[in-house]
There are 2 protein chains.
Amino acid sequence: MVRKGSRRPTLADVARRVGLSAKTVSRVLNGDGPVADDTRARVMAAVAELGFRPNLMARNMRAGTSDSAVGLVVPDMGNSFFGTVAGAVEAAVRRRGLTLLVGSSGESAEQEGAVIGSFLARQVAALLVVPAADADHSRLRREQDGGLPLVFLDRPAAGLAADSVLSANREGAERGTAHLIAHGHRRIAFVGDRPATLHTRRERHRGHLDALAAAGLPADPRLTVSAHDAPAAGEATLRLLRSPEPPTAVFAANNTASLGIVPALAAAGRRDVALVGFDDLPLAAVLEPGLTVVAQDATAVGTAAAELALARLDGDRSAARSRTVPVRLVPRGSGELPPAG
Amino acid sequence: MVRKGSRRPTLADVARRVGLSAKTVSRVLNGDGPVADDTRARVMAAVAELGFRPNLMARNMRAGTSDSAVGLVVPDMGNSFFGTVAGAVEAAVRRRGLTLLVGSSGESAEQEGAVIGSFLARQVAALLVVPAADADHSRLRREQDGGLPLVFLDRPAAGLAADSVLSANREGAERGTAHLIAHGHRRIAFVGDRPATLHTRRERHRGHLDALAAAGLPADPRLTVSAHDAPAAGEATLRLLRSPEPPTAVFAANNTASLGIVPALAAAGRRDVALVGFDDLPLAAVLEPGLTVVAQDATAVGTAAAELALARLDGDRSAARSRTVPVRLVPRGSGELPPAG
DNA sequence: TTGTAGGCGTTATCAC
DNA sequence: GTGATAACGCCTACAA
């Protein structure tokens with residue numbers, strides 16, 4: 001009978017139980033050297049009886065190898081994009097027998113640093129990071145040089161040349177804005193993240209400007225606004241619509257912005273304003289009109305990042321590379337509305 | 001200069017560098033015994049220079065304590081409910097200086113067992129599990145007796161008396177169906193999960209039946225259907241509506257079902273069918289009509305589970321208890337539609 | 001086919 | 001103040 005608080009049985013406990021050496025038990029468990037059938041049976045019986053489980057910590061330490069865990073840092077697990085990314089990473093590493101450690105940075109560079117530090121202390125086999133807006137990663141160069149696979153997702157590293165997997169932000173935003181232009185719009189608002197220094201925000205804004213330039217349209221800086229959360233995005237959009245020279249269409253540069261703008265337009269009864277959002281949302285197709293989006297492939301981002309890290313783990317020492325995951329324009333109605341008036 | 005592939009510096013490396021013993025370096029790092037100011041300064045300098053990080057694996061092993069990580073198993077990280085739960089758990093354990101390990105079961109008992117096994121092998125300090133539909137947890141009794149904090153979320157353990165944190169499934173479903181009855185409906189469909197043995201499905205169905213019984217309405221078994229994914233839920237609903245005695249309202253017992261039923265009703269032009277969904281969805285308020293839901297509090301579930309586990313970790317040895325997190329009925333239009341005809 | 005010695009990186013214990 | 005020594009649980013290397 002196992003008593004409360006009694007410590008977990010060890011290899012030595014099992015060995016004592018069957019009157020063998022620890023090494024023999026180890027051999028049975030790892031299918032290592034030759035073992036007599038009888039011995040194997042007795043060992044297995046004792047293992048089952050004692051509920052013995054090999055201590056992975058000790059095993060990893062002895063092997064001198066890094067831990068069989070991979071660390072993932074995201075800004076916010078609740079955001080469905082990052083949740084899906086994490087799921088894809090978890091599936092990929094689990095297929096390799098590795099475990100996933102996850103931590104949140106809350107978009108704070110300091111917290112990100114703390115989480116990364118704790119992961120490194122655990123000797124993670126690889127580190128995947130969605131960098132916080134203002135983070136600097138130059139201090140990771142040492143670990144990188146030491147051979148730690150390091151992959152950045154969704155946003156590139158700052159101050160470090162490292163593998164990265166990014167969505168086609170600039171191209172996607174260009175396609176989204178070009179879509180609105182193709183439907184006759186000339187004044188198109190851009191509602192982006194705050195802080196405006198965020199990589200995805202910058203790239204998407206560039207794509208937006210690319211599209212305007214390609215069409216020979218002026219870029220009115222008053223049509224570019226920033227918002228940190230959904231309500232702010234909605235309010236900022238309504239403010240623009242009340243201005244003297246209002247936009248006839250809006251490009252929402254992230255799903256949080258979309259989540260604020262869609263209800264704001266509905267509440268204001270503005271069914272005449274065209275809208276394209278970056279990143280898809282559940283129920284987006286059921287709105288009236290349906291929400292036209294530039295859809296990211298979160299699963300592909302996570303999977304690609306994990307595969308990149310695993311390849312490094314397998315000894316790939318080639319130069320740092322950046323993979324771009326394509327996005328898809330999904331027309332559903334809101335992006336095909338003609339300009340009002 | 002750190003060379004590629006060179007191993008991480010150890011306590012001994014630092015000690016050698018400053019001509020001291022490993023124990024002294026350890027003391028400096030842990031603020032343990034008395035250390036001369038000069039010594040401390042030299043050690044810190046060497047630590048910084050070498051980029052030394054204490055190896056948590058070794059530390060935990062020496063301490064004999066469990067690992068400073070908590071394991072969380074969910075069916076699917078991509079589902080926003082579980083993503084939010086995971087985020088809440090992560091935040092709670094991080095505040096305590098612990099790290100979160102996550103794994104997915106994909107609703108498979110076998111995979112769940114494998115993930116749990118790997119977590120136990122790592123000596124996690126606590127284990128939080130959202131059980132797969134057909135899982136049995138009696139084998140965890142041994143670890144539980146050994147003092148491992150064990151908390152089940154969203155669904156109770158099978159074959160084991162353990163702490164659990166559940167949403168008010170039965171009561172919530174009763175309120176949802178009662179809401180429809182209050183708006184005049186007499187034939188109300190129930191679209192639940194497949195397999196129908198899933199705890200949440202059973203409880204919500206019971207609540208649904210409670211409401212019918214309380215109103216003195218008959219429970220027509222033909223109005224209860226099951227679906228594993230969103231499209232199936234939509235199709236099943238449309239089939240019911242085409243039947244000789246169709247329902248005038250639908251209760252969607254989970255968010256996947258809602259995600260299938262809402263577009264199916266829209267595509268079929270059935271704006272006359274009332275709908276209440278269990279679990280909230282982004283954009284649910286912007287639909288026309290807005291989607292009335294029984295909203296779960298995923299953050300509260302995750303936080304409560306983590307707190308329960310941490311309390312056990314702090315020595316709470318009281319009997320297993322079950323906490324119920326309240327749900328909230330959010331009327332938005334779809335649940336207030338009157339019966340057609 | 002099985003056993004012994006040694007060490008992975010850290011900290012507790014007890015000396016100096 | 002500081003340093004040897006042993007030990008955590010396991011596995012590699014080398015016997016027997």
# chains A, B, ... in the order shown; residues from 1 in each chain; ligands from 1
>>> residues_around(residues="region 3-8 of chain D", least_positions_apart="4", cutoff="9 Å", atoms="only C-alpha atoms (C1' of nucleotides)", output="VMD selection string")
(chain A and resid 58) or (chain B and resid 20 to 24 58 60 to 64) or (chain C and resid 12 to 13 15 to 16)
>>> residues_around(residues="region 191-208 of chain B", least_positions_apart="2", cutoff="7 Å", atoms="only C-alpha atoms (C1' of nucleotides)", output="PyMOL selection string")
chain B and resi 133+155+169-171+173-174+177+189+210-212+224-228+233+251-254+257
>>> write_last_selection(atoms="N, CA and C atoms", output="tab-separated table (two decimals), in the first residue's frame")
chain	number	residue	atom	x	y	z
B	133	ALA	N	-13.37	12.13	-23.43
B	133	ALA	CA	-14.71	11.59	-23.22
B	133	ALA	C	-14.69	10.19	-22.59
B	155	ARG	N	-14.82	18.83	-16.84
B	155	ARG	CA	-15.47	17.53	-16.74
B	155	ARG	C	-14.86	16.81	-15.54
B	169	ASN	N	-23.30	23.43	-15.70
B	169	ASN	CA	-23.86	22.94	-16.95
B	169	ASN	C	-25.35	22.69	-16.89
B	170	ARG	N	-25.75	21.94	-15.89
B	170	ARG	CA	-27.17	21.57	-15.81
B	170	ARG	C	-28.04	22.80	-15.60
B	171	GLU	N	-27.64	23.61	-14.63
B	171	GLU	CA	-28.42	24.80	-14.34
B	171	GLU	C	-28.44	25.75	-15.54
B	173	ALA	N	-28.11	25.03	-18.74
B	173	ALA	CA	-28.97	24.51	-19.81
B	173	ALA	C	-30.43	24.67	-19.44
B	174	GLU	N	-30.73	24.47	-18.16
B	174	GLU	CA	-32.11	24.64	-17.74
B	174	GLU	C	-32.56	26.09	-17.96
B	177	THR	N	-33.10	26.70	-21.78
B	177	THR	CA	-34.34	26.13	-22.30
B	177	THR	C	-35.56	26.83	-21.69
B	189	ALA	N	-35.64	21.82	-29.89
B	189	ALA	CA	-34.62	20.81	-30.22
B	189	ALA	C	-33.40	20.97	-29.32
B	210	ASP	N	-34.95	19.14	-17.41
B	210	ASP	CA	-35.47	19.76	-16.19
B	210	ASP	C	-36.43	20.89	-16.54
B	211	ALA	N	-35.99	21.72	-17.47
B	211	ALA	CA	-36.79	22.90	-17.83
B	211	ALA	C	-38.11	22.47	-18.45
B	212	LEU	N	-38.04	21.46	-19.32
B	212	LEU	CA	-39.28	20.97	-19.95
B	212	LEU	C	-40.23	20.44	-18.88
B	224	THR	N	-33.94	15.41	-29.82
B	224	THR	CA	-32.57	15.41	-29.31
B	224	THR	C	-31.65	14.76	-30.33
B	225	VAL	N	-30.68	15.51	-30.80
B	225	VAL	CA	-29.74	14.97	-31.79
B	225	VAL	C	-28.30	15.24	-31.35
B	226	SER	N	-27.36	14.53	-31.99
B	226	SER	CA	-25.95	14.65	-31.63
B	226	SER	C	-25.13	14.97	-32.87
B	227	ALA	N	-24.08	15.71	-32.67
B	227	ALA	CA	-23.18	16.04	-33.78
B	227	ALA	C	-21.79	16.26	-33.25
B	228	HIS	N	-20.80	15.78	-33.99
B	228	HIS	CA	-19.43	15.92	-33.52
B	228	HIS	C	-18.79	17.23	-33.97
B	233	ALA	N	-23.81	19.53	-37.05
B	233	ALA	CA	-24.82	20.16	-36.21
B	233	ALA	C	-25.81	20.95	-37.07
B	251	PHE	N	-31.86	24.50	-28.90
B	251	PHE	CA	-30.85	24.75	-27.88
B	251	PHE	C	-29.56	24.07	-28.35
B	252	ALA	N	-28.51	24.87	-28.62
B	252	ALA	CA	-27.22	24.33	-29.07
B	252	ALA	C	-26.36	24.13	-27.84
B	253	ALA	N	-25.99	22.87	-27.57
B	253	ALA	CA	-25.39	22.55	-26.28
B	253	ALA	C	-23.90	22.86	-26.18
B	254	ASN	N	-23.30	23.38	-27.23
B	254	ASN	CA	-21.88	23.78	-27.15
B	254	ASN	C	-21.56	24.74	-28.29
B	257	ALA	N	-21.53	23.41	-31.93
B	257	ALA	CA	-22.88	23.27	-32.48
B	257	ALA	C	-23.41	24.63	-32.95
>>> closest_residue(among="B:His185, B:Arg239, B:Arg94, B:His137", to="chain A", atoms="only C-alpha atoms")
B:Arg94
>>> select_by_dssp(residues="region 294-327 of chain B", states="helix (DSSP H, G or I)", output="list in words")
Ala298, Thr299, Ala300, Val301, Gly302, Thr303, Ala304, Ala305, Ala306, Glu307, Leu308, Ala309, Leu310, Ala311, Arg312 and Leu313 of chain B
>>> write_last_selection(atoms="C-alpha atoms", output="tab-separated table (two decimals), in the first residue's frame")
chain	number	residue	atom	x	y	z
B	298	ALA	CA	-13.42	30.09	-19.05
B	299	THR	CA	-11.02	32.36	-17.19
B	300	ALA	CA	-12.75	31.67	-13.89
B	301	VAL	CA	-12.62	27.92	-14.52
B	302	GLY	CA	-8.88	28.02	-15.23
B	303	THR	CA	-8.09	30.30	-12.34
B	304	ALA	CA	-10.13	28.30	-9.85
B	305	ALA	CA	-8.52	25.05	-10.94
B	306	ALA	CA	-5.04	26.49	-10.60
B	307	GLU	CA	-5.83	27.90	-7.18
B	308	LEU	CA	-7.20	24.58	-6.01
B	309	ALA	CA	-4.02	22.85	-7.17
B	310	LEU	CA	-1.78	25.44	-5.53
B	311	ALA	CA	-3.67	25.12	-2.26
B	312	ARG	CA	-3.04	21.37	-2.33
B	313	LEU	CA	0.58	22.11	-3.05
>>> interface_residues(of="chain D", to="chain A", cutoff="12 Å", atoms="only C-alpha atoms (C1' of nucleotides)", output="list of chain:residue names")
D:DC8, D:DG9, D:DC10, D:DC11, D:DT12
>>> write_last_selection(atoms="C-alpha atoms (C1' of nucleotides)", output="compact mmCIF listing (two decimals), in the first residue's frame")
# COMPACT_ATOMS: atom_id res chain seq x y z
C1' DC D 8 19.40 13.29 -5.72
C1' DG D 9 17.96 9.12 -9.88
C1' DC D 10 19.58 7.65 -13.79
C1' DC D 11 22.68 5.90 -17.56
C1' DT D 12 27.44 5.00 -19.94
>>> closest_atom_pairs(of="chain C", to="chain B", cutoff="8 Å", atoms="only C-alpha atoms (C1' of nucleotides)", output="Markdown table")
| residue | atom | partner | partner_atom | distance |
| --- | --- | --- | --- | --- |
| C:DG9 | C1' | B:Ala58 | CA | 5.2 |
| C:DT10 | C1' | B:Arg59 | CA | 4.9 |
| C:DT11 | C1' | B:Arg62 | CA | 6.3 |
>>> interface_residues(of="chain A", to="chain B", cutoff="8 Å", atoms="only C-alpha atoms", output="count of residues only")
54
>>> select_by_dssp(residues="region 87-323 of chain B", states="strand (DSSP E or B)", output="ChimeraX atom specification")
/B:99-104,126-129,150-153,163-167,188-193,224-227,249-252,274-278,290,292-295,322-323
>>> write_last_selection(atoms="C-alpha atoms", output="JSON list (two decimals), in the first residue's frame")
[["chain", "number", "residue", "atom", "x", "y", "z"],
["B", 99, "THR", "CA", 5.94, 26.90, -15.31],
["B", 100, "LEU", "CA", 3.13, 25.37, -17.34],
["B", 101, "LEU", "CA", 3.41, 22.23, -19.43],
["B", 102, "VAL", "CA", 0.56, 21.70, -21.86],
["B", 103, "GLY", "CA", -0.49, 18.73, -23.90],
["B", 104, "SER", "CA", -3.44, 17.82, -26.08],
["B", 126, "ALA", "CA", 0.55, 19.28, -9.99],
["B", 127, "LEU", "CA", -1.63, 17.93, -12.74],
["B", 128, "LEU", "CA", -4.70, 19.60, -14.25],
["B", 129, "VAL", "CA", -6.79, 17.61, -16.69],
["B", 150, "LEU", "CA", -4.80, 16.55, -9.11],
["B", 151, "VAL", "CA", -7.57, 18.76, -10.45],
["B", 152, "PHE", "CA", -10.07, 18.04, -13.19],
["B", 153, "LEU", "CA", -11.54, 20.88, -15.22],
["B", 163, "ASP", "CA", -10.93, 17.93, -7.03],
["B", 164, "SER", "CA", -12.83, 19.35, -9.93],
["B", 165, "VAL", "CA", -13.94, 22.69, -11.31],
["B", 166, "LEU", "CA", -17.00, 22.56, -13.51],
["B", 167, "SER", "CA", -19.30, 25.06, -15.14],
["B", 188, "ILE", "CA", -37.43, 22.75, -28.56],
["B", 189, "ALA", "CA", -34.62, 20.81, -30.22],
["B", 190, "PHE", "CA", -31.47, 19.87, -28.30],
["B", 191, "VAL", "CA", -28.30, 19.61, -30.40],
["B", 192, "GLY", "CA", -25.53, 18.08, -28.30],
["B", 193, "ASP", "CA", -22.05, 16.64, -28.57],
["B", 224, "THR", "CA", -32.57, 15.41, -29.31],
["B", 225, "VAL", "CA", -29.74, 14.97, -31.79],
["B", 226, "SER", "CA", -25.95, 14.65, -31.63],
["B", 227, "ALA", "CA", -23.18, 16.04, -33.78],
["B", 249, "ALA", "CA", -36.60, 26.67, -31.21],
["B", 250, "VAL", "CA", -33.16, 25.09, -30.84],
["B", 251, "PHE", "CA", -30.85, 24.75, -27.88],
["B", 252, "ALA", "CA", -27.22, 24.33, -29.07],
["B", 274, "ALA", "CA", -35.27, 30.76, -32.02],
["B", 275, "LEU", "CA", -31.79, 29.73, -30.85],
["B", 276, "VAL", "CA", -29.91, 29.68, -27.57],
["B", 277, "GLY", "CA", -26.32, 28.47, -27.49],
["B", 278, "PHE", "CA", -24.20, 27.19, -24.63],
["B", 290, "GLY", "CA", -27.77, 38.63, -31.93],
["B", 292, "THR", "CA", -28.51, 34.54, -27.17],
["B", 293, "VAL", "CA", -26.10, 32.40, -25.15],
["B", 294, "VAL", "CA", -25.48, 30.78, -21.82],
["B", 295, "ALA", "CA", -21.94, 32.12, -21.32],
["B", 322, "SER", "CA", -15.92, 20.15, -6.57],
["B", 323, "ARG", "CA", -16.29, 23.81, -7.42]]
>>> atom_distance(atom1="CA of Thr248 (chain B)", atom2="CA of Leu217 (chain B)")
14.0 Å
>>> atom_distance(atom1="CA of Thr237 (chain A)", atom2="CA of Ile261 (chain A)")
6.7 Å
>>> closest_residue(among="A:Asp154, A:Ala162, A:Pro244, A:Val325", to="Ser138 (chain A)", atoms="only C-alpha atoms")
A:Ala162
>>> decode(residues="region 257-270 of chain A", atoms="C-alpha atoms", output="PDB file, in the first residue's frame")
ATOM      1  CA  ALA A 257      -9.715  45.775 -34.508  1.00  0.00           C
ATOM      2  CA  SER A 258     -12.311  43.843 -36.510  1.00  0.00           C
ATOM      3  CA  LEU A 259     -14.009  42.777 -33.303  1.00  0.00           C
ATOM      4  CA  GLY A 260     -14.416  46.433 -32.379  1.00  0.00           C
ATOM      5  CA  ILE A 261     -15.234  47.871 -35.779  1.00  0.00           C
ATOM      6  CA  VAL A 262     -17.943  45.412 -36.809  1.00  0.00           C
ATOM      7  CA  PRO A 263     -20.192  46.075 -33.811  1.00  0.00           C
ATOM      8  CA  ALA A 264     -19.459  49.810 -33.924  1.00  0.00           C
ATOM      9  CA  LEU A 265     -20.588  50.052 -37.542  1.00  0.00           C
ATOM     10  CA  ALA A 266     -23.645  47.955 -36.790  1.00  0.00           C
ATOM     11  CA  ALA A 267     -24.570  50.062 -33.771  1.00  0.00           C
ATOM     12  CA  ALA A 268     -24.157  53.233 -35.793  1.00  0.00           C
ATOM     13  CA  GLY A 269     -26.290  51.792 -38.561  1.00  0.00           C
ATOM     14  CA  ARG A 270     -23.480  52.308 -41.071  1.00  0.00           C
TER      15      ARG A 270
END
